[in-house]
file model.cif (mmCIF, C-alpha atoms)
data_my_file
#
loop_
_atom_site.label_atom_id
_atom_site.label_comp_id
_atom_site.auth_asym_id
_atom_site.auth_seq_id
_atom_site.Cartn_x
_atom_site.Cartn_y
_atom_site.Cartn_z
CA MET A 289 -5.01 20.01 -18.96
CA MET A 290 -4.57 23.53 -17.59
CA THR A 291 -2.71 23.95 -14.29
CA ASP A 292 -2.66 26.83 -11.83
CA LYS A 293 0.13 29.22 -12.89
CA PRO A 294 1.09 30.24 -9.31
CA VAL A 295 1.42 26.58 -8.28
CA THR A 296 3.44 25.76 -11.39
CA SER A 297 5.74 28.70 -10.66
CA VAL A 298 6.22 27.54 -7.06
CA LEU A 299 7.06 24.04 -8.25
CA GLN A 300 9.51 25.26 -10.90
CA ALA A 301 11.29 27.44 -8.33
CA GLY A 302 11.15 24.98 -5.44
CA ILE A 303 11.85 21.60 -7.04
CA HIS A 304 15.49 20.81 -7.82
CA LEU A 305 16.28 17.19 -8.65
CA SER A 306 19.87 16.13 -9.00
CA GLU A 307 21.70 12.96 -9.98
CA GLU A 308 24.36 13.94 -7.44
CA GLN A 309 21.93 13.25 -4.60
CA PRO A 310 21.99 9.67 -3.21
CA ALA A 311 18.19 9.42 -3.14
CA PRO A 312 16.32 8.46 -6.33
CA TYR A 313 14.32 11.14 -8.13
CA TYR A 314 10.94 10.04 -6.80
CA VAL A 315 12.20 10.29 -3.19
CA GLN A 316 13.76 13.71 -3.85
CA LEU A 317 10.50 14.88 -5.41
CA GLN A 318 8.42 13.53 -2.54
CA ARG A 319 10.61 15.24 0.06
CA GLN A 320 10.72 18.56 -1.78
CA LEU A 321 6.94 18.61 -2.33
CA ARG A 322 6.44 17.84 1.36
CA ALA A 323 8.81 20.69 2.29
CA LEU A 324 6.85 23.13 0.10
CA ILE A 325 3.60 22.01 1.74
CA ASP A 326 4.96 22.16 5.30
CA SER A 327 6.45 25.62 4.71
CA GLY A 328 3.14 26.97 3.40
CA ALA A 329 4.50 27.70 -0.06
CA LEU A 330 1.81 25.30 -1.28
CA SER A 331 -1.23 26.14 0.82
CA GLU A 332 -4.20 23.98 1.71
CA GLY A 333 -6.50 23.62 -1.29
CA SER A 334 -3.77 24.16 -3.87
CA HIS A 335 -4.27 22.06 -6.98
CA LEU A 336 -1.15 20.18 -7.95
CA PRO A 337 -0.60 19.42 -11.63
CA SER A 338 -1.46 16.04 -13.04
CA GLU A 339 1.27 13.42 -13.16
CA ARG A 340 1.79 14.03 -16.88
CA ASP A 341 1.90 17.84 -16.59
CA LEU A 342 4.38 17.81 -13.69
CA ALA A 343 6.54 15.25 -15.47
CA ASP A 344 6.61 17.50 -18.54
CA THR A 345 7.42 20.57 -16.42
CA LEU A 346 10.30 18.90 -14.57
CA LYS A 347 11.52 16.86 -17.56
CA ILE A 348 11.23 13.57 -15.69
CA SER A 349 9.22 10.39 -16.19
CA ARG A 350 5.56 10.17 -15.30
CA THR A 351 6.36 7.07 -13.22
CA THR A 352 8.64 9.17 -11.02
CA VAL A 353 5.85 11.68 -10.33
CA LYS A 354 3.33 8.91 -9.71
CA ARG A 355 5.56 7.26 -7.10
CA ALA A 356 6.08 10.59 -5.31
CA TYR A 357 2.35 11.44 -5.37
CA ASP A 358 1.42 7.94 -4.16
CA ALA A 359 3.79 8.24 -1.19
CA LEU A 360 2.28 11.62 -0.25
CA ARG A 361 -1.23 10.17 -0.51
CA ASP A 362 -0.22 7.28 1.74
CA ALA A 363 1.06 9.83 4.27
CA ASP A 364 -2.28 11.68 4.02
CA VAL A 365 -0.54 14.85 2.82
CA ILE A 366 -2.41 15.09 -0.47
CA ALA A 367 -5.67 13.66 -1.75
CA SER A 368 -6.87 12.83 -5.24
CA GLY A 369 -8.29 15.84 -7.04
CA GLN A 370 -11.88 15.85 -8.20
CA GLY A 371 -12.60 16.66 -11.83
CA ARG A 372 -9.10 17.99 -12.50
CA GLY A 373 -7.07 14.83 -12.77
CA GLY A 374 -4.55 16.22 -10.27
CA THR A 375 -4.27 16.27 -6.51
CA VAL A 376 -5.25 18.69 -3.76
CA VAL A 377 -2.87 19.63 -0.98
CA LYS A 378 -4.14 18.71 2.45
CA GLY A 379 -2.49 21.20 4.77
CA THR A 380 -1.52 20.42 8.34
CA PRO A 381 -3.82 22.38 10.68
CA ARG A 382 -2.00 25.35 12.15
CA VAL A 383 -3.15 26.39 15.60
CA SER A 384 -2.19 29.07 18.08
CA PRO A 385 -3.76 28.16 21.43
CA VAL A 386 -3.46 30.38 24.48
CA MET A 387 -1.52 28.88 27.36
CA ALA A 388 -3.28 30.44 30.32
CA ARG A 389 -4.92 27.64 32.33
CA LEU A 390 -4.87 23.87 32.75
CA LYS A 391 -6.91 22.07 30.11
CA GLY A 392 -6.80 18.81 28.26
CA PHE A 393 -6.22 18.28 24.55
CA THR A 394 -9.92 17.60 23.91
CA GLU A 395 -10.99 20.92 25.44
CA GLU A 396 -8.21 22.82 23.67
CA MET A 397 -9.15 21.48 20.23
CA ARG A 398 -12.82 22.29 20.74
CA GLU A 399 -11.94 25.82 21.81
CA LEU A 400 -10.07 26.15 18.51
CA GLY A 401 -13.11 24.93 16.57
CA MET A 402 -11.54 21.58 15.71
CA GLU A 403 -12.80 18.04 16.22
CA PRO A 404 -10.50 16.14 18.60
CA SER A 405 -9.86 12.42 18.36
CA THR A 406 -7.37 10.00 19.84
CA LEU A 407 -5.54 6.91 18.68
CA LEU A 408 -4.70 4.83 21.75
CA LEU A 409 -1.23 3.31 21.32
CA GLY A 410 -0.75 1.82 24.77
CA LEU A 411 -2.51 1.52 28.14
CA GLU A 412 -0.97 -0.47 30.98
CA VAL A 413 -0.14 -0.50 34.67
CA VAL A 414 3.61 -0.14 35.13
CA HIS A 415 6.24 0.13 37.83
CA GLU A 416 8.88 2.64 36.80
CA ARG A 417 11.35 3.84 39.42
CA THR A 418 12.24 7.14 37.73
CA ILE A 419 8.64 8.16 37.13
CA ALA A 420 7.51 6.94 40.55
CA SER A 421 10.09 9.25 42.14
CA LEU A 422 8.39 12.23 40.48
CA PHE A 423 5.22 11.31 42.36
CA ASP A 424 7.26 10.78 45.56
CA ARG A 425 6.26 7.10 45.49
CA PRO A 426 8.37 3.97 46.05
CA SER A 427 9.66 2.16 42.96
CA HIS A 428 7.01 -0.56 43.26
CA ALA A 429 4.08 1.90 43.28
CA PRO A 430 1.57 1.24 40.48
CA LEU A 431 1.25 3.85 37.74
CA LEU A 432 -1.10 3.96 34.79
CA HIS A 433 0.96 4.57 31.65
CA VAL A 434 -0.89 5.92 28.61
CA ARG A 435 0.55 6.43 25.14
CA ARG A 436 -1.67 8.27 22.66
CA LEU A 437 -1.60 10.01 19.32
CA ARG A 438 -3.80 13.09 19.53
CA LEU A 439 -5.51 14.35 16.36
CA GLY A 440 -7.32 17.53 15.35
CA ASN A 441 -9.72 17.27 12.39
CA GLY A 442 -8.12 13.92 11.65
CA ALA A 443 -4.55 15.27 11.45
CA PRO A 444 -1.96 13.99 13.97
CA MET A 445 -1.04 16.89 16.25
CA SER A 446 0.84 15.43 19.21
CA HIS A 447 2.36 12.22 20.53
CA GLU A 448 1.65 11.93 24.23
CA LEU A 449 3.17 9.85 27.02
CA ALA A 450 1.38 10.15 30.36
CA TRP A 451 1.58 8.56 33.79
CA TYR A 452 -1.04 8.67 36.58
CA ASP A 453 -0.74 7.90 40.28
CA LEU A 454 -2.95 4.87 40.93
CA THR A 455 -2.31 5.16 44.66
CA LEU A 456 -4.47 8.31 44.66
CA ALA A 457 -6.78 7.30 41.79
CA PRO A 458 -7.15 3.48 41.79
CA GLN A 459 -10.36 3.74 39.73
CA LEU A 460 -8.27 4.74 36.73
CA GLU A 461 -7.44 1.06 36.22
CA ASP A 462 -10.99 0.74 34.82
CA TRP A 463 -10.53 3.57 32.30
CA SER A 464 -10.75 2.27 28.73
CA GLY A 465 -8.67 5.03 27.19
CA GLU A 466 -11.68 6.68 25.53
CA GLY A 467 -12.86 10.20 26.28
CA SER A 468 -11.33 12.79 28.57
CA ILE A 469 -9.26 11.37 31.40
CA TYR A 470 -9.80 14.61 33.33
CA ALA A 471 -13.56 13.98 33.20
CA TRP A 472 -13.00 10.43 34.47
CA LEU A 473 -10.83 11.70 37.32
CA ARG A 474 -13.50 14.22 38.24
CA GLU A 475 -16.56 11.99 37.88
CA ARG A 476 -15.21 8.59 38.96
CA CYS A 477 -12.34 9.46 41.28
CA GLY A 478 -13.60 12.69 42.84
CA ILE A 479 -10.36 14.40 41.84
CA HIS A 480 -10.51 17.94 40.49
CA MET A 481 -7.44 19.12 38.59
CA ALA A 482 -6.44 22.60 39.67
CA GLY A 483 -3.12 23.57 38.13
CA ALA A 484 0.14 22.47 36.61
CA GLU A 485 3.85 23.11 36.37
CA GLN A 486 4.91 23.11 32.74
CA SER A 487 8.09 23.42 30.70
CA ILE A 488 8.55 23.79 26.94
CA GLU A 489 11.64 22.95 24.94
CA ALA A 490 12.54 22.56 21.29
CA VAL A 491 13.41 19.05 20.12
CA MET A 492 13.75 17.14 16.86
CA SER A 493 11.20 14.43 16.16
CA SER A 494 12.24 10.90 17.09
CA PRO A 495 11.87 8.02 14.60
CA GLN A 496 8.67 7.04 16.41
CA GLU A 497 7.30 10.57 16.10
CA MET A 498 8.37 10.86 12.46
CA GLU A 499 6.25 7.80 11.72
CA ALA A 500 3.31 9.14 13.74
CA PHE A 501 3.39 12.58 12.08
CA GLY A 502 4.23 11.34 8.59
CA PHE A 503 7.59 13.17 8.48
CA GLU A 504 10.11 12.00 5.90
CA ALA A 505 13.01 13.52 7.86
CA PRO A 506 13.47 14.77 11.45
CA MET A 507 11.49 17.97 11.99
CA PRO A 508 11.41 20.55 14.82
CA CYS A 509 8.82 19.86 17.51
CA LEU A 510 7.81 21.25 20.89
CA LEU A 511 8.28 18.98 23.90
CA ILE A 512 5.94 20.00 26.72
CA LYS A 513 6.46 18.38 30.11
CA ARG A 514 3.64 18.88 32.58
CA LYS A 515 3.09 18.00 36.22
CA SER A 516 -0.64 18.34 36.92
CA LEU A 517 -1.90 18.89 40.46
CA ASP A 518 -5.29 18.46 42.07
CA ALA A 519 -7.06 20.98 44.30
CA GLU A 520 -5.09 19.69 47.30
CA GLY A 521 -1.77 20.23 45.58
CA ARG A 522 -1.09 16.52 44.99
CA LEU A 523 0.68 15.37 41.82
CA ILE A 524 -1.80 13.27 39.85
CA GLU A 525 -0.44 13.32 36.31
CA TYR A 526 2.93 13.59 34.61
CA VAL A 527 2.88 14.11 30.83
CA GLU A 528 5.50 14.38 28.11
CA GLY A 529 3.79 15.59 24.94
CA THR A 530 5.61 16.13 21.65
CA PHE A 531 3.76 18.65 19.49
CA ARG A 532 4.57 19.03 15.80
CA GLY A 533 6.40 22.28 15.18
CA ASP A 534 4.75 22.89 11.80
CA ALA A 535 1.34 23.05 13.47
CA TYR A 536 1.73 24.74 16.86
CA ALA A 537 2.51 28.31 17.85
CA TYR A 538 1.58 28.71 21.52
CA ARG A 539 0.63 32.09 22.93
CA VAL A 540 1.11 33.02 26.59
CA HIS A 541 -0.82 35.74 28.41
CA LEU A 542 1.37 37.73 30.78
CA ALA A 543 -0.10 39.96 33.44
CA GLY A 544 1.36 43.45 33.65
#
call {"tool": "encode", "arguments": {"input": "model.cif", "output": "structure tokens"}}
result
Amino acid sequence: MMTDKPVTSVLQAGIHLSEEQPAPYYVQLQRQLRALIDSGALSEGSHLPSERDLADTLKISRTTVKRAYDALRDADVIASGQGRGGTVVKGTPRVSPVMARLKGFTEEMRELGMEPSTLLLGLEVVHERTIASLFDRPSHAPLLHVRRLRLGNGAPMSHELAWYDLTLAPQLEDWSGEGSIYAWLRERCGIHMAGAEQSIEAVMSSPQEMEAFGFEAPMPCLLIKRKSLDAEGRLIEYVEGTFRGDAYAYRVHLAG
């Protein structure tokens, strides 16, 4: 079987397996292939060699390559190739949204021409003293706590923890977790979101986020903390969203 020469060259230059490393060869190979994909050295649509061809190139067993490929398929990083006997790299979407006004994830993805979706991980009414203090509420005040994995074109993009003030928006207890919560606030609660205070900091992915994003090792991410206000200046929402660093490059418009 013929393989793409540029891809083969990238693999020969970028893959270095060593018996001195504590991890077995198939784990080393999996991690190094993932690093080449995440860095863009292997771009979306690249055709990886077949198991036999890569084994011959790297002078390792075909079983080793198969185990590495299978792990990457399970993580949804690569998919089986069609008609070539190899695999096709599935690149993480890379986006560069403009940070200029308050908008939800659903609206942002659609502006970028991507299909948004959500995996609801948790939805419950809680009483959390630290978070309640942010809303200037007593420790026993009810808050709606939402934990979601946000996806663009099926790829996990951010892990989101959010809290909402049920004292101001009691109807949110009936929200199922589907669709835009901003639309629900507007249409069911009569609350119109008007602005936000936001901070951005660099963090490393937590074990929970590594699992959600399919990372094999801790990776840089962006932690965005947002306090969202309604038209009357009341704090309605507090969000901590961790955005994968290999996908996001935010742009900010500054007035002169």
call {"tool": "atom_distance", "arguments": {"input": "model.cif", "atom1": "atom CA of A:Tyr470", "atom2": "atom CA of A:Ala443"}}
result
22.5 Å
call {"tool": "resolve_selection", "arguments": {"input": "model.cif", "expression": "the PyMOL selection byres ((chain A and resi 383) around 8)", "output": "list in words"}}
result
Pro381, Arg382, Ser384, Pro385, Leu400, Ala535, Tyr536, Ala537 and Tyr538 of chain A
call {"tool": "closest_residue", "arguments": {"input": "model.cif", "among": "A:Gly483, A:Gly302, A:Pro495, A:Pro426", "to": "A:Leu523", "atoms": "only C-alpha atoms"}}
result
A:Gly483
call {"tool": "closest_residue", "arguments": {"input": "model.cif", "among": "A:Glu395, A:Asp326, A:Asp364, A:Glu466", "to": "A:Leu407", "atoms": "all atoms listed in the file"}}
result
A:Glu466
call {"tool": "resolve_selection", "arguments": {"input": "model.cif", "expression": "the PyMOL selection byres ((chain A and resi 528-531) around 7)", "output": "JSON, numbers by chain"}}
result
{"A": [445, 446, 447, 448, 449, 450, 509, 510, 511, 512, 513, 514, 527, 532, 533, 536]}
call {"tool": "resolve_selection", "arguments": {"input": "model.cif", "expression": "the PyMOL selection byres ((chain A and resi 296-300) around 12)", "output": "ChimeraX atom specification"}}
result
/A:290-295,301-305,317,320-325,327-331,334-338,341-347
call {"tool": "write_last_selection", "arguments": {"input": "model.cif", "atoms": "C-alpha atoms", "output": "mmCIF file, in the coordinates of the input"}}
result
data_model
loop_
_atom_site.group_PDB
_atom_site.id
_atom_site.type_symbol
_atom_site.label_atom_id
_atom_site.label_comp_id
_atom_site.auth_asym_id
_atom_site.auth_seq_id
_atom_site.Cartn_x
_atom_site.Cartn_y
_atom_site.Cartn_z
ATOM 1 C CA MET A 290 -4.570 23.530 -17.590
ATOM 2 C CA THR A 291 -2.710 23.950 -14.290
ATOM 3 C CA ASP A 292 -2.660 26.830 -11.830
ATOM 4 C CA LYS A 293 0.130 29.220 -12.890
ATOM 5 C CA PRO A 294 1.090 30.240 -9.310
ATOM 6 C CA VAL A 295 1.420 26.580 -8.280
ATOM 7 C CA ALA A 301 11.290 27.440 -8.330
ATOM 8 C CA GLY A 302 11.150 24.980 -5.440
ATOM 9 C CA ILE A 303 11.850 21.600 -7.040
ATOM 10 C CA HIS A 304 15.490 20.810 -7.820
ATOM 11 C CA LEU A 305 16.280 17.190 -8.650
ATOM 12 C CA LEU A 317 10.500 14.880 -5.410
ATOM 13 C CA GLN A 320 10.720 18.560 -1.780
ATOM 14 C CA LEU A 321 6.940 18.610 -2.330
ATOM 15 C CA ARG A 322 6.440 17.840 1.360
ATOM 16 C CA ALA A 323 8.810 20.690 2.290
ATOM 17 C CA LEU A 324 6.850 23.130 0.100
ATOM 18 C CA ILE A 325 3.600 22.010 1.740
ATOM 19 C CA SER A 327 6.450 25.620 4.710
ATOM 20 C CA GLY A 328 3.140 26.970 3.400
ATOM 21 C CA ALA A 329 4.500 27.700 -0.060
ATOM 22 C CA LEU A 330 1.810 25.300 -1.280
ATOM 23 C CA SER A 331 -1.230 26.140 0.820
ATOM 24 C CA SER A 334 -3.770 24.160 -3.870
ATOM 25 C CA HIS A 335 -4.270 22.060 -6.980
ATOM 26 C CA LEU A 336 -1.150 20.180 -7.950
ATOM 27 C CA PRO A 337 -0.600 19.420 -11.630
ATOM 28 C CA SER A 338 -1.460 16.040 -13.040
ATOM 29 C CA ASP A 341 1.900 17.840 -16.590
ATOM 30 C CA LEU A 342 4.380 17.810 -13.690
ATOM 31 C CA ALA A 343 6.540 15.250 -15.470
ATOM 32 C CA ASP A 344 6.610 17.500 -18.540
ATOM 33 C CA THR A 345 7.420 20.570 -16.420
ATOM 34 C CA LEU A 346 10.300 18.900 -14.570
ATOM 35 C CA LYS A 347 11.520 16.860 -17.560
#
call {"tool": "closest_residue", "arguments": {"input": "model.cif", "among": "A:Met481, A:Arg436, A:Arg340, A:Thr394", "to": "A:Leu409", "atoms": "all atoms listed in the file"}}
result
A:Arg436
call {"tool": "atom_distance", "arguments": {"input": "model.cif", "atom1": "atom CA of A:Leu460", "atom2": "atom CA of A:Met402"}}
result
27.1 Å
call {"tool": "build_atoms", "arguments": {"input": "model.cif", "residues": "stretch 396-421 of chain A", "atoms": "N, CA, C and O atoms", "output": "PDB file, in the frame of the given file"}}
result
ATOM      1  N   GLU A 396      -8.964  21.840  24.455  1.00  0.00           N
ATOM      2  CA  GLU A 396      -8.210  22.820  23.670  1.00  0.00           C
ATOM      3  C   GLU A 396      -8.617  22.789  22.207  1.00  0.00           C
ATOM      4  O   GLU A 396      -8.819  23.835  21.581  1.00  0.00           O
ATOM      5  N   MET A 397      -8.761  21.586  21.629  1.00  0.00           N
ATOM      6  CA  MET A 397      -9.150  21.480  20.230  1.00  0.00           C
ATOM      7  C   MET A 397     -10.544  22.061  20.005  1.00  0.00           C
ATOM      8  O   MET A 397     -10.786  22.761  19.012  1.00  0.00           O
ATOM      9  N   ARG A 398     -11.451  21.776  20.901  1.00  0.00           N
ATOM     10  CA  ARG A 398     -12.820  22.290  20.740  1.00  0.00           C
ATOM     11  C   ARG A 398     -12.858  23.808  20.864  1.00  0.00           C
ATOM     12  O   ARG A 398     -13.640  24.465  20.177  1.00  0.00           O
ATOM     13  N   GLU A 399     -12.011  24.368  21.720  1.00  0.00           N
ATOM     14  CA  GLU A 399     -11.940  25.820  21.810  1.00  0.00           C
ATOM     15  C   GLU A 399     -11.443  26.426  20.505  1.00  0.00           C
ATOM     16  O   GLU A 399     -11.800  27.559  20.162  1.00  0.00           O
ATOM     17  N   LEU A 400     -10.620  25.680  19.779  1.00  0.00           N
ATOM     18  CA  LEU A 400     -10.070  26.150  18.510  1.00  0.00           C
ATOM     19  C   LEU A 400     -10.985  25.829  17.337  1.00  0.00           C
ATOM     20  O   LEU A 400     -10.639  26.090  16.186  1.00  0.00           O
ATOM     21  N   GLY A 401     -12.163  25.256  17.629  1.00  0.00           N
ATOM     22  CA  GLY A 401     -13.110  24.930  16.570  1.00  0.00           C
ATOM     23  C   GLY A 401     -12.751  23.693  15.785  1.00  0.00           C
ATOM     24  O   GLY A 401     -13.180  23.533  14.635  1.00  0.00           O
ATOM     25  N   MET A 402     -11.967  22.793  16.388  1.00  0.00           N
ATOM     26  CA  MET A 402     -11.540  21.580  15.710  1.00  0.00           C
ATOM     27  C   MET A 402     -12.137  20.360  16.412  1.00  0.00           C
ATOM     28  O   MET A 402     -12.488  20.411  17.591  1.00  0.00           O
ATOM     29  N   GLU A 403     -12.239  19.272  15.663  1.00  0.00           N
ATOM     30  CA  GLU A 403     -12.800  18.040  16.220  1.00  0.00           C
ATOM     31  C   GLU A 403     -11.650  17.170  16.734  1.00  0.00           C
ATOM     32  O   GLU A 403     -10.815  16.690  15.960  1.00  0.00           O
ATOM     33  N   PRO A 404     -11.593  16.947  18.054  1.00  0.00           N
ATOM     34  CA  PRO A 404     -10.500  16.140  18.600  1.00  0.00           C
ATOM     35  C   PRO A 404     -10.793  14.647  18.471  1.00  0.00           C
ATOM     36  O   PRO A 404     -11.941  14.206  18.503  1.00  0.00           O
ATOM     37  N   SER A 405      -9.749  13.880  18.321  1.00  0.00           N
ATOM     38  CA  SER A 405      -9.860  12.420  18.360  1.00  0.00           C
ATOM     39  C   SER A 405      -8.528  11.875  18.850  1.00  0.00           C
ATOM     40  O   SER A 405      -7.522  12.580  18.906  1.00  0.00           O
ATOM     41  N   THR A 406      -8.551  10.611  19.228  1.00  0.00           N
ATOM     42  CA  THR A 406      -7.370  10.000  19.840  1.00  0.00           C
ATOM     43  C   THR A 406      -7.164   8.604  19.293  1.00  0.00           C
ATOM     44  O   THR A 406      -8.126   7.839  19.129  1.00  0.00           O
ATOM     45  N   LEU A 407      -5.927   8.268  19.019  1.00  0.00           N
ATOM     46  CA  LEU A 407      -5.540   6.910  18.680  1.00  0.00           C
ATOM     47  C   LEU A 407      -4.754   6.370  19.870  1.00  0.00           C
ATOM     48  O   LEU A 407      -3.661   6.840  20.163  1.00  0.00           O
ATOM     49  N   LEU A 408      -5.344   5.407  20.574  1.00  0.00           N
ATOM     50  CA  LEU A 408      -4.700   4.830  21.750  1.00  0.00           C
ATOM     51  C   LEU A 408      -3.604   3.866  21.297  1.00  0.00           C
ATOM     52  O   LEU A 408      -3.867   2.888  20.595  1.00  0.00           O
ATOM     53  N   LEU A 409      -2.374   4.134  21.712  1.00  0.00           N
ATOM     54  CA  LEU A 409      -1.230   3.310  21.320  1.00  0.00           C
ATOM     55  C   LEU A 409      -0.780   2.371  22.417  1.00  0.00           C
ATOM     56  O   LEU A 409      -0.089   1.386  22.143  1.00  0.00           O
ATOM     57  N   GLY A 410      -1.154   2.672  23.661  1.00  0.00           N
ATOM     58  CA  GLY A 410      -0.750   1.820  24.770  1.00  0.00           C
ATOM     59  C   GLY A 410      -1.442   2.234  26.051  1.00  0.00           C
ATOM     60  O   GLY A 410      -1.643   3.429  26.302  1.00  0.00           O
ATOM     61  N   LEU A 411      -1.833   1.254  26.864  1.00  0.00           N
ATOM     62  CA  LEU A 411      -2.510   1.520  28.140  1.00  0.00           C
ATOM     63  C   LEU A 411      -2.187   0.354  29.072  1.00  0.00           C
ATOM     64  O   LEU A 411      -2.649  -0.767  28.838  1.00  0.00           O
ATOM     65  N   GLU A 412      -1.370   0.625  30.104  1.00  0.00           N
ATOM     66  CA  GLU A 412      -0.970  -0.470  30.980  1.00  0.00           C
ATOM     67  C   GLU A 412      -0.556   0.067  32.348  1.00  0.00           C
ATOM     68  O   GLU A 412      -0.174   1.234  32.488  1.00  0.00           O
ATOM     69  N   VAL A 413      -0.643  -0.808  33.338  1.00  0.00           N
ATOM     70  CA  VAL A 413      -0.140  -0.500  34.670  1.00  0.00           C
ATOM     71  C   VAL A 413       1.336  -0.871  34.704  1.00  0.00           C
ATOM     72  O   VAL A 413       1.722  -1.978  34.306  1.00  0.00           O
ATOM     73  N   VAL A 414       2.162   0.076  35.139  1.00  0.00           N
ATOM     74  CA  VAL A 414       3.610  -0.140  35.130  1.00  0.00           C
ATOM     75  C   VAL A 414       4.201   0.200  36.488  1.00  0.00           C
ATOM     76  O   VAL A 414       3.553   0.817  37.340  1.00  0.00           O
ATOM     77  N   HIS A 415       5.451  -0.217  36.653  1.00  0.00           N
ATOM     78  CA  HIS A 415       6.240   0.130  37.830  1.00  0.00           C
ATOM     79  C   HIS A 415       7.566   0.675  37.308  1.00  0.00           C
ATOM     80  O   HIS A 415       8.420  -0.086  36.857  1.00  0.00           O
ATOM     81  N   GLU A 416       7.694   1.992  37.339  1.00  0.00           N
ATOM     82  CA  GLU A 416       8.880   2.640  36.800  1.00  0.00           C
ATOM     83  C   GLU A 416       9.496   3.525  37.883  1.00  0.00           C
ATOM     84  O   GLU A 416       8.884   4.505  38.319  1.00  0.00           O
ATOM     85  N   ARG A 417      10.714   3.168  38.290  1.00  0.00           N
ATOM     86  CA  ARG A 417      11.350   3.840  39.420  1.00  0.00           C
ATOM     87  C   ARG A 417      11.504   5.339  39.194  1.00  0.00           C
ATOM     88  O   ARG A 417      11.165   6.148  40.064  1.00  0.00           O
ATOM     89  N   THR A 418      11.987   5.719  37.995  1.00  0.00           N
ATOM     90  CA  THR A 418      12.240   7.140  37.730  1.00  0.00           C
ATOM     91  C   THR A 418      10.963   7.953  37.772  1.00  0.00           C
ATOM     92  O   THR A 418      10.911   9.039  38.376  1.00  0.00           O
ATOM     93  N   ILE A 419       9.912   7.430  37.137  1.00  0.00           N
ATOM     94  CA  ILE A 419       8.640   8.160  37.130  1.00  0.00           C
ATOM     95  C   ILE A 419       8.006   8.151  38.506  1.00  0.00           C
ATOM     96  O   ILE A 419       7.453   9.169  38.960  1.00  0.00           O
ATOM     97  N   ALA A 420       8.090   7.019  39.208  1.00  0.00           N
ATOM     98  CA  ALA A 420       7.510   6.940  40.550  1.00  0.00           C
ATOM     99  C   ALA A 420       8.127   7.989  41.472  1.00  0.00           C
ATOM    100  O   ALA A 420       7.442   8.564  42.335  1.00  0.00           O
ATOM    101  N   SER A 421       9.421   8.251  41.289  1.00  0.00           N
ATOM    102  CA  SER A 421      10.090   9.250  42.140  1.00  0.00           C
ATOM    103  C   SER A 421       9.519  10.641  41.934  1.00  0.00           C
ATOM    104  O   SER A 421       9.512  11.459  42.858  1.00  0.00           O
TER     105      SER A 421
END
